[in-house]
>>> print(open('work.cif').read())   # mmCIF, C-alpha atoms
data_data
loop_
_atom_site.label_atom_id
_atom_site.label_comp_id
_atom_site.auth_asym_id
_atom_site.auth_seq_id
_atom_site.Cartn_x
_atom_site.Cartn_y
_atom_site.Cartn_z
CA MET A 193 -4.35 -17.50 3.80
CA ILE A 194 -7.79 -15.93 4.32
CA ASN A 195 -10.97 -17.88 4.91
CA VAL A 196 -13.38 -16.10 2.57
CA TYR A 197 -16.34 -17.67 4.40
CA SER A 198 -15.42 -15.93 7.66
CA ARG A 199 -18.09 -13.43 8.62
CA GLU A 200 -15.47 -11.14 10.16
CA PHE A 201 -13.40 -11.17 6.96
CA ARG A 202 -16.46 -10.29 4.89
CA ARG A 203 -17.09 -7.38 7.25
CA ASP A 204 -13.48 -6.23 6.86
CA HIS A 205 -13.52 -6.66 3.09
CA ALA A 206 -16.46 -4.25 2.90
CA ASP A 207 -14.82 -1.59 5.09
CA ILE A 208 -11.09 -0.85 4.85
CA ARG A 209 -11.12 1.06 8.13
CA GLN A 210 -12.32 -2.11 9.84
CA MET A 211 -9.68 -4.12 7.95
CA HIS A 212 -7.06 -1.70 9.27
CA ARG A 213 -8.29 -2.35 12.82
CA THR A 214 -8.09 -6.10 12.32
CA VAL A 215 -4.53 -5.87 10.99
CA MET A 216 -3.50 -3.67 13.90
CA SER A 217 -4.93 -6.21 16.37
CA GLY A 218 -1.72 -8.15 15.72
CA TYR A 219 0.17 -5.40 17.59
CA PRO A 220 -1.65 -5.17 20.94
CA ASP A 221 1.14 -3.69 23.09
CA LEU A 222 2.03 -0.54 21.16
CA PRO A 223 2.65 2.71 23.07
CA LYS A 224 -0.33 5.06 23.01
CA GLU A 225 1.71 8.25 22.59
CA ALA A 226 2.68 7.47 18.96
CA PRO A 227 0.52 6.64 15.93
CA ALA A 228 0.32 2.85 16.04
CA ARG A 229 0.75 2.04 12.34
CA GLN A 230 3.62 4.44 11.80
CA SER A 231 5.46 3.40 14.97
CA GLN A 232 5.80 -0.18 13.68
CA ALA A 233 5.77 0.66 9.93
CA VAL A 234 2.79 -1.65 9.42
CA LEU A 235 1.85 -2.22 5.78
CA TRP A 236 -0.55 -4.75 4.31
CA ARG A 237 -1.91 -5.91 0.98
CA LEU A 238 -4.68 -8.28 0.02
CA ASP A 239 -3.89 -10.34 -3.10
CA GLY A 240 -6.45 -12.42 -4.93
CA VAL A 241 -5.47 -16.05 -5.46
CA HIS A 242 -7.34 -19.07 -6.79
CA ARG A 243 -10.69 -19.07 -4.98
CA GLY A 244 -9.61 -16.73 -2.25
CA PHE A 245 -7.12 -14.21 -0.88
CA VAL A 246 -3.70 -14.14 0.69
CA GLN A 247 -2.90 -11.21 2.94
CA TYR A 248 0.63 -9.89 3.33
CA VAL A 249 1.44 -7.87 6.44
CA GLN A 250 4.83 -6.25 7.00
CA SER A 251 6.11 -4.47 10.10
CA SER A 252 9.23 -3.65 12.07
CA SER A 253 8.19 -5.88 14.99
CA GLU A 254 6.87 -9.43 15.04
CA PRO A 255 3.05 -9.59 15.13
CA ASP A 256 0.88 -11.78 17.33
CA TRP A 257 -2.06 -13.10 15.35
CA GLY A 258 -3.60 -14.86 18.33
CA ARG A 259 -6.35 -12.22 18.51
CA LEU A 260 -7.71 -12.90 15.05
CA PRO A 261 -11.16 -14.52 14.97
CA ALA A 262 -10.87 -18.31 15.15
CA ASP A 263 -12.06 -18.88 11.58
CA TYR A 264 -10.33 -15.89 9.94
CA LEU A 265 -7.50 -17.96 8.40
CA THR A 266 -7.46 -21.30 6.62
CA GLU A 267 -4.01 -22.15 8.02
CA PRO A 268 -1.64 -20.68 10.62
CA ALA A 269 0.03 -17.44 9.63
CA GLN A 270 3.65 -17.67 8.46
CA VAL A 271 5.99 -15.07 9.95
CA ARG A 272 9.36 -14.42 8.32
CA SER A 273 12.16 -11.91 8.76
CA LEU A 274 12.42 -9.10 6.22
CA GLN A 275 16.17 -8.76 6.80
CA PRO A 276 17.36 -11.20 4.08
CA LEU A 277 15.47 -9.16 1.49
CA LEU A 278 16.88 -5.87 2.81
CA ASP A 279 20.38 -7.38 2.75
CA ALA A 280 19.91 -8.25 -0.93
CA VAL A 281 19.29 -4.61 -1.90
CA ALA A 282 22.32 -3.07 -3.60
CA PRO A 283 22.90 -0.37 -6.23
CA GLY A 284 22.33 -1.78 -9.71
CA ARG A 285 20.33 -4.77 -8.43
CA ARG A 286 17.33 -5.59 -10.60
CA PHE A 287 14.11 -6.97 -9.09
CA ALA A 288 10.70 -8.02 -10.26
CA PHE A 289 8.18 -6.19 -8.10
CA ARG A 290 4.53 -5.84 -7.22
CA LEU A 291 3.00 -2.74 -5.66
CA LEU A 292 -0.58 -1.81 -4.94
CA GLY A 293 -0.28 1.93 -5.33
CA ASN A 294 -2.62 4.86 -4.85
CA PRO A 295 -1.66 7.18 -7.73
CA THR A 296 -3.35 10.53 -7.21
CA ARG A 297 -2.92 14.19 -7.93
CA SER A 298 -3.83 17.10 -5.70
CA VAL A 299 -6.42 19.60 -6.96
CA VAL A 300 -7.30 22.84 -5.20
CA ARG A 301 -10.93 23.82 -5.76
CA PRO A 302 -11.56 27.35 -7.12
CA ALA A 303 -13.54 28.24 -3.99
CA ASP A 304 -10.56 27.30 -1.80
CA ARG A 305 -8.22 29.51 -3.82
CA LYS A 306 -10.33 32.53 -2.92
CA LYS A 307 -10.16 31.89 0.81
CA PRO A 308 -7.68 34.02 2.79
CA LEU A 309 -4.49 32.26 3.77
CA PRO A 310 -4.50 30.87 7.30
CA GLU A 311 -2.00 31.97 9.92
CA GLY A 312 1.43 30.85 8.80
CA GLY A 313 0.72 31.55 5.12
CA LYS A 314 0.21 27.98 3.91
CA ARG A 315 -2.97 26.99 2.14
CA ALA A 316 -4.60 23.66 2.98
CA ARG A 317 -3.76 20.73 0.73
CA GLY A 318 -6.04 20.15 -2.21
CA MET A 319 -8.39 17.27 -2.83
CA ARG A 320 -6.75 14.02 -3.95
CA ILE A 321 -7.98 12.87 -7.37
CA ALA A 322 -7.24 9.39 -8.71
CA ARG A 323 -5.15 9.08 -11.87
CA HIS A 324 -7.06 6.85 -14.29
CA LYS A 325 -4.94 6.96 -17.46
CA PRO A 326 -2.19 4.27 -17.60
CA GLU A 327 0.40 6.78 -18.79
CA GLU A 328 -0.37 9.02 -15.80
CA GLN A 329 -0.16 6.05 -13.43
CA ILE A 330 3.25 5.08 -14.81
CA GLU A 331 4.38 8.70 -14.58
CA TRP A 332 3.36 8.65 -10.89
CA LEU A 333 5.42 5.50 -10.30
CA VAL A 334 8.47 6.89 -12.11
CA ARG A 335 8.28 10.01 -9.96
CA LYS A 336 8.06 7.88 -6.82
CA GLY A 337 11.12 5.99 -8.01
CA ALA A 338 13.07 9.23 -8.20
CA GLN A 339 12.07 9.93 -4.60
CA HIS A 340 12.80 6.44 -3.29
CA GLY A 341 16.02 5.31 -4.92
CA PHE A 342 14.92 3.21 -7.90
CA VAL A 343 14.21 3.49 -11.61
CA VAL A 344 11.87 1.57 -13.87
CA PRO A 345 13.92 0.19 -16.79
CA THR A 346 12.85 0.17 -20.42
CA ALA A 347 11.36 -3.03 -21.83
CA HIS A 348 12.01 -4.51 -25.27
CA ASN A 349 9.15 -2.46 -26.71
CA GLY A 350 10.80 0.79 -25.64
CA GLN A 351 8.22 1.47 -22.93
CA PRO A 352 8.71 1.38 -19.14
CA ASP A 353 8.88 -2.23 -17.94
CA VAL A 354 5.77 -2.05 -15.77
CA SER A 355 2.10 -2.86 -16.24
CA PRO A 356 -0.52 -0.94 -14.26
CA SER A 357 -3.92 -2.53 -13.82
CA PRO A 358 -6.93 -1.09 -11.97
CA CYS A 359 -8.36 -2.85 -8.93
CA LEU A 360 -11.71 -2.71 -7.19
CA THR A 361 -12.37 0.57 -5.41
CA LEU A 362 -11.71 0.37 -1.67
CA THR A 363 -14.24 2.04 0.60
CA GLY A 364 -14.58 2.57 4.32
CA GLN A 365 -16.54 4.41 6.95
CA PRO A 366 -15.61 8.11 7.42
CA ARG A 367 -12.72 8.98 9.68
CA PRO A 368 -13.60 10.65 12.98
CA GLY A 369 -14.62 14.22 12.26
CA ASP A 370 -15.25 13.58 8.55
CA THR A 371 -18.56 13.18 6.77
CA ASP A 372 -17.33 11.62 3.54
CA PRO A 373 -16.50 7.90 3.38
CA ILE A 374 -12.97 6.78 2.58
CA THR A 375 -12.59 6.00 -1.13
CA ILE A 376 -9.37 4.72 -2.71
CA GLU A 377 -8.97 3.64 -6.34
CA PRO A 378 -5.81 1.51 -6.17
CA VAL A 379 -3.68 0.37 -9.10
CA ARG A 380 -1.60 -2.81 -9.16
CA PHE A 381 1.85 -2.26 -10.65
CA GLU A 382 3.86 -5.28 -11.79
CA GLY A 383 7.17 -5.14 -13.62
CA HIS A 384 10.85 -4.58 -12.95
CA LEU A 385 12.86 -1.96 -11.12
CA ILE A 386 16.56 -1.25 -10.67
CA VAL A 387 17.95 0.03 -7.39
CA VAL A 388 19.87 3.30 -7.66
CA ASP A 389 20.24 4.34 -4.01
CA ALA A 390 20.26 1.33 -1.69
CA ASP A 391 19.55 3.26 1.52
CA GLU A 392 16.66 5.22 0.03
CA PHE A 393 15.16 2.08 -1.45
CA ARG A 394 15.46 0.09 1.78
CA ALA A 395 13.61 2.92 3.51
CA ALA A 396 10.88 2.73 0.86
CA VAL A 397 10.56 -1.03 1.36
CA ARG A 398 10.23 -0.55 5.12
CA GLN A 399 7.95 2.48 5.08
CA GLY A 400 5.94 1.92 1.90
CA ILE A 401 5.32 4.08 -1.15
CA GLY A 402 2.59 6.64 -1.68
CA HIS A 403 -0.61 7.38 0.22
CA GLY A 404 -3.21 5.00 1.62
CA LYS A 405 -0.74 2.88 3.59
CA ALA A 406 -3.23 2.23 6.38
CA TYR A 407 -5.69 0.89 3.81
CA GLY A 408 -3.76 -1.73 1.88
CA CYS A 409 -1.54 0.40 -0.36
CA GLY A 410 2.22 1.00 -0.46
CA LEU A 411 3.67 -2.45 0.29
CA VAL A 412 6.41 -3.38 -2.21
CA SER A 413 7.01 -7.09 -2.88
CA LEU A 414 10.29 -8.09 -4.53
CA ALA A 415 11.39 -11.24 -6.37
CA PRO A 416 14.22 -12.30 -8.70
CA PRO A 417 13.82 -10.73 -12.15
CA ARG A 418 11.88 -12.64 -14.75
CA THR A 419 13.89 -13.91 -17.69
CA SER A 420 11.13 -13.76 -20.32
#
>>> encode(input="work.cif", output="C-alpha cells")
Amino acid sequence: MINVYSREFRRDHADIRQMHRTVMSGYPDLPKEAPARQSQAVLWRLDGVHRGFVQYVQSSSEPDWGRLPADYLTEPAQVRSLQPLLDAVAPGRRFAFRLLGNPTRSVVRPADRKKPLPEGGKRARGMRIARHKPEEQIEWLVRKGAQHGFVVPTAHNGQPDVSPSPCLTLTGQPRPGDTDPITIEPVRFEGHLIVVDADEFRAAVRQGIGHGKAYGCGLVSLAPPRTS
C-alpha cells in the first residue's frame, strides 16, 4: 500500500523510469551481466484504490523491500508465492483477469522506407503508435491471446467478454542515447479469459504480455470467474 504523501513516490509517479528504478531496488544482488528486469521477470502495476494506490510487483525471486524510503508504504509489504496460481492453470480453466496493456501498432515512416537496407537486409522497426479505438484494443488483446495460450470468451451480448478503459498517459525521462521522453498510453483490460495452452499461458503470467513491461504494463492478475 503506497503512501501518496511520500515525496519519493510523487517523484516516481511523475517519471516511470524513476519508478522502474525504485521497483528494481528490491533486487539489489542481481548479476550485472544480464538485464536486471528480464533476469528476474520483474513486472509491476500501480492500481488506484480508495484515496490512494496499491502496487503489485511480481518476480521469479523474492524481493527485499528494505531499501525503500522509510515513508514510501503505509504498511509492510506482503510477499506471497505465485506457485499456487500457476498450479491452478489448466486447459479449459476460466479466470477473471485484469491487465494493464500497451496496445500499439508499428508504423514505418515514408522517409524510412526510402532509406537503403542496412547490412543483413532487415529494416529497423517502425514507430509504435497507440491504439485508441476500443475495437482495435480488443483486437490487440485477442491476438495476444493467440500467442500466449488463452482466448477471450463471448459475453451474453455476443461481444468479447472484456472491457478496455484508457488510463492516464505514463511519461518518463528519455532513455540513455534518446532525445524523446518515454510516453506510454496504457489501457486497462478487465474481463474473462479461458486457458487453451497451459504451458504457454503460465509463461505469459510469468513473463508478462505486450510491451512496456519495465514501465508498469504486462502484469496479468487472475481471480475466480465472476458469476454475474
>>> resolve_selection(input="work.cif", expression="the PyMOL selection byres ((chain A and resi 320) around 12)", output="mmCIF file with C-alpha atoms, in the coordinates of the input")
data_model
loop_
_atom_site.group_PDB
_atom_site.id
_atom_site.type_symbol
_atom_site.label_atom_id
_atom_site.label_comp_id
_atom_site.auth_asym_id
_atom_site.auth_seq_id
_atom_site.Cartn_x
_atom_site.Cartn_y
_atom_site.Cartn_z
ATOM 1 C CA ASN A 294 -2.620 4.860 -4.850
ATOM 2 C CA PRO A 295 -1.660 7.180 -7.730
ATOM 3 C CA THR A 296 -3.350 10.530 -7.210
ATOM 4 C CA ARG A 297 -2.920 14.190 -7.930
ATOM 5 C CA SER A 298 -3.830 17.100 -5.700
ATOM 6 C CA VAL A 299 -6.420 19.600 -6.960
ATOM 7 C CA VAL A 300 -7.300 22.840 -5.200
ATOM 8 C CA ARG A 301 -10.930 23.820 -5.760
ATOM 9 C CA ARG A 317 -3.760 20.730 0.730
ATOM 10 C CA GLY A 318 -6.040 20.150 -2.210
ATOM 11 C CA MET A 319 -8.390 17.270 -2.830
ATOM 12 C CA ILE A 321 -7.980 12.870 -7.370
ATOM 13 C CA ALA A 322 -7.240 9.390 -8.710
ATOM 14 C CA ARG A 323 -5.150 9.080 -11.870
ATOM 15 C CA ILE A 374 -12.970 6.780 2.580
ATOM 16 C CA THR A 375 -12.590 6.000 -1.130
ATOM 17 C CA ILE A 376 -9.370 4.720 -2.710
ATOM 18 C CA GLU A 377 -8.970 3.640 -6.340
ATOM 19 C CA HIS A 403 -0.610 7.380 0.220
ATOM 20 C CA GLY A 404 -3.210 5.000 1.620
#
>>> residues_around(input="work.cif", residues="stretch 226-232 of chain A", least_positions_apart="5", cutoff="8 Å", atoms="all atoms listed in the file", output="list in words")
Met216, Ser251, Ser252, Ser253 and Ala406 of chain A
>>> write_last_selection(input="work.cif", atoms="C-alpha atoms", output="compact mmCIF listing (two decimals), in the coordinates of the input")
# COMPACT_ATOMS: atom_id res chain seq x y z
CA MET A 216 -3.50 -3.67 13.90
CA SER A 251 6.11 -4.47 10.10
CA SER A 252 9.23 -3.65 12.07
CA SER A 253 8.19 -5.88 14.99
CA ALA A 406 -3.23 2.23 6.38
>>> residues_near_point(input="work.cif", point="(3.0, 3.6, -1.6)", cutoff="10 Å", atoms="all atoms listed in the file", output="ChimeraX atom specification")
/A:235,291-295,333,336,396-397,399-405,408-412
>>> closest_residue(input="work.cif", among="A:Asp370, A:Asp207, A:Glu225, A:Asp353", to="A:Ile386", atoms="all atoms listed in the file")
A:Asp353
>>> atom_distance(input="work.cif", atom1="atom CA of A:His340", atom2="atom CA of A:Leu385")
11.5 Å
>>> residues_around(input="work.cif", residues="A:Pro352", least_positions_apart="6", cutoff="12 Å", atoms="all atoms listed in the file", output="tab-separated table (two decimals) with C-alpha atoms, keeping the file's coordinate frame")
chain	number	residue	atom	x	y	z
A	326	PRO	CA	-2.19	4.27	-17.60
A	327	GLU	CA	0.40	6.78	-18.79
A	329	GLN	CA	-0.16	6.05	-13.43
A	330	ILE	CA	3.25	5.08	-14.81
A	331	GLU	CA	4.38	8.70	-14.58
A	333	LEU	CA	5.42	5.50	-10.30
A	334	VAL	CA	8.47	6.89	-12.11
A	343	VAL	CA	14.21	3.49	-11.61
A	344	VAL	CA	11.87	1.57	-13.87
A	345	PRO	CA	13.92	0.19	-16.79
A	346	THR	CA	12.85	0.17	-20.42
A	381	PHE	CA	1.85	-2.26	-10.65
A	382	GLU	CA	3.86	-5.28	-11.79
A	383	GLY	CA	7.17	-5.14	-13.62
A	384	HIS	CA	10.85	-4.58	-12.95
A	385	LEU	CA	12.86	-1.96	-11.12
A	386	ILE	CA	16.56	-1.25	-10.67
>>> closest_residue(input="work.cif", among="A:Pro358, A:Ala395, A:Phe342, A:Pro417", to="A:Gly284", atoms="only C-alpha atoms")
A:Phe342
>>> closest_residue(input="work.cif", among="A:Arg418, A:Arg394, A:Tyr407, A:Gly240", to="A:Val281", atoms="only C-alpha atoms")
A:Arg394
>>> axis_aligned_box(input="work.cif", around="stretch 285-304 of chain A", padding_each_side="3 Å", output="AutoDock Vina command-line options")
--center_x 3.4 --center_y 10.1 --center_z -6.2 --size_x 39.9 --size_y 42.3 --size_z 14.8
>>> closest_residue(input="work.cif", among="A:Gln365, A:Arg199, A:His348, A:Ser413", to="A:Ala262", atoms="all atoms listed in the file")
A:Arg199
>>> closest_residue(input="work.cif", among="A:Met193, A:Pro283, A:Asn349, A:Pro223", to="A:Asp239", atoms="only C-alpha atoms")
A:Met193
>>> atom_distance(input="work.cif", atom1="atom CA of A:Gly364", atom2="atom CA of A:Ala233")
21.2 Å
>>> atom_distance(input="work.cif", atom1="atom CA of A:Asp391", atom2="atom CA of A:Arg286")
15.2 Å
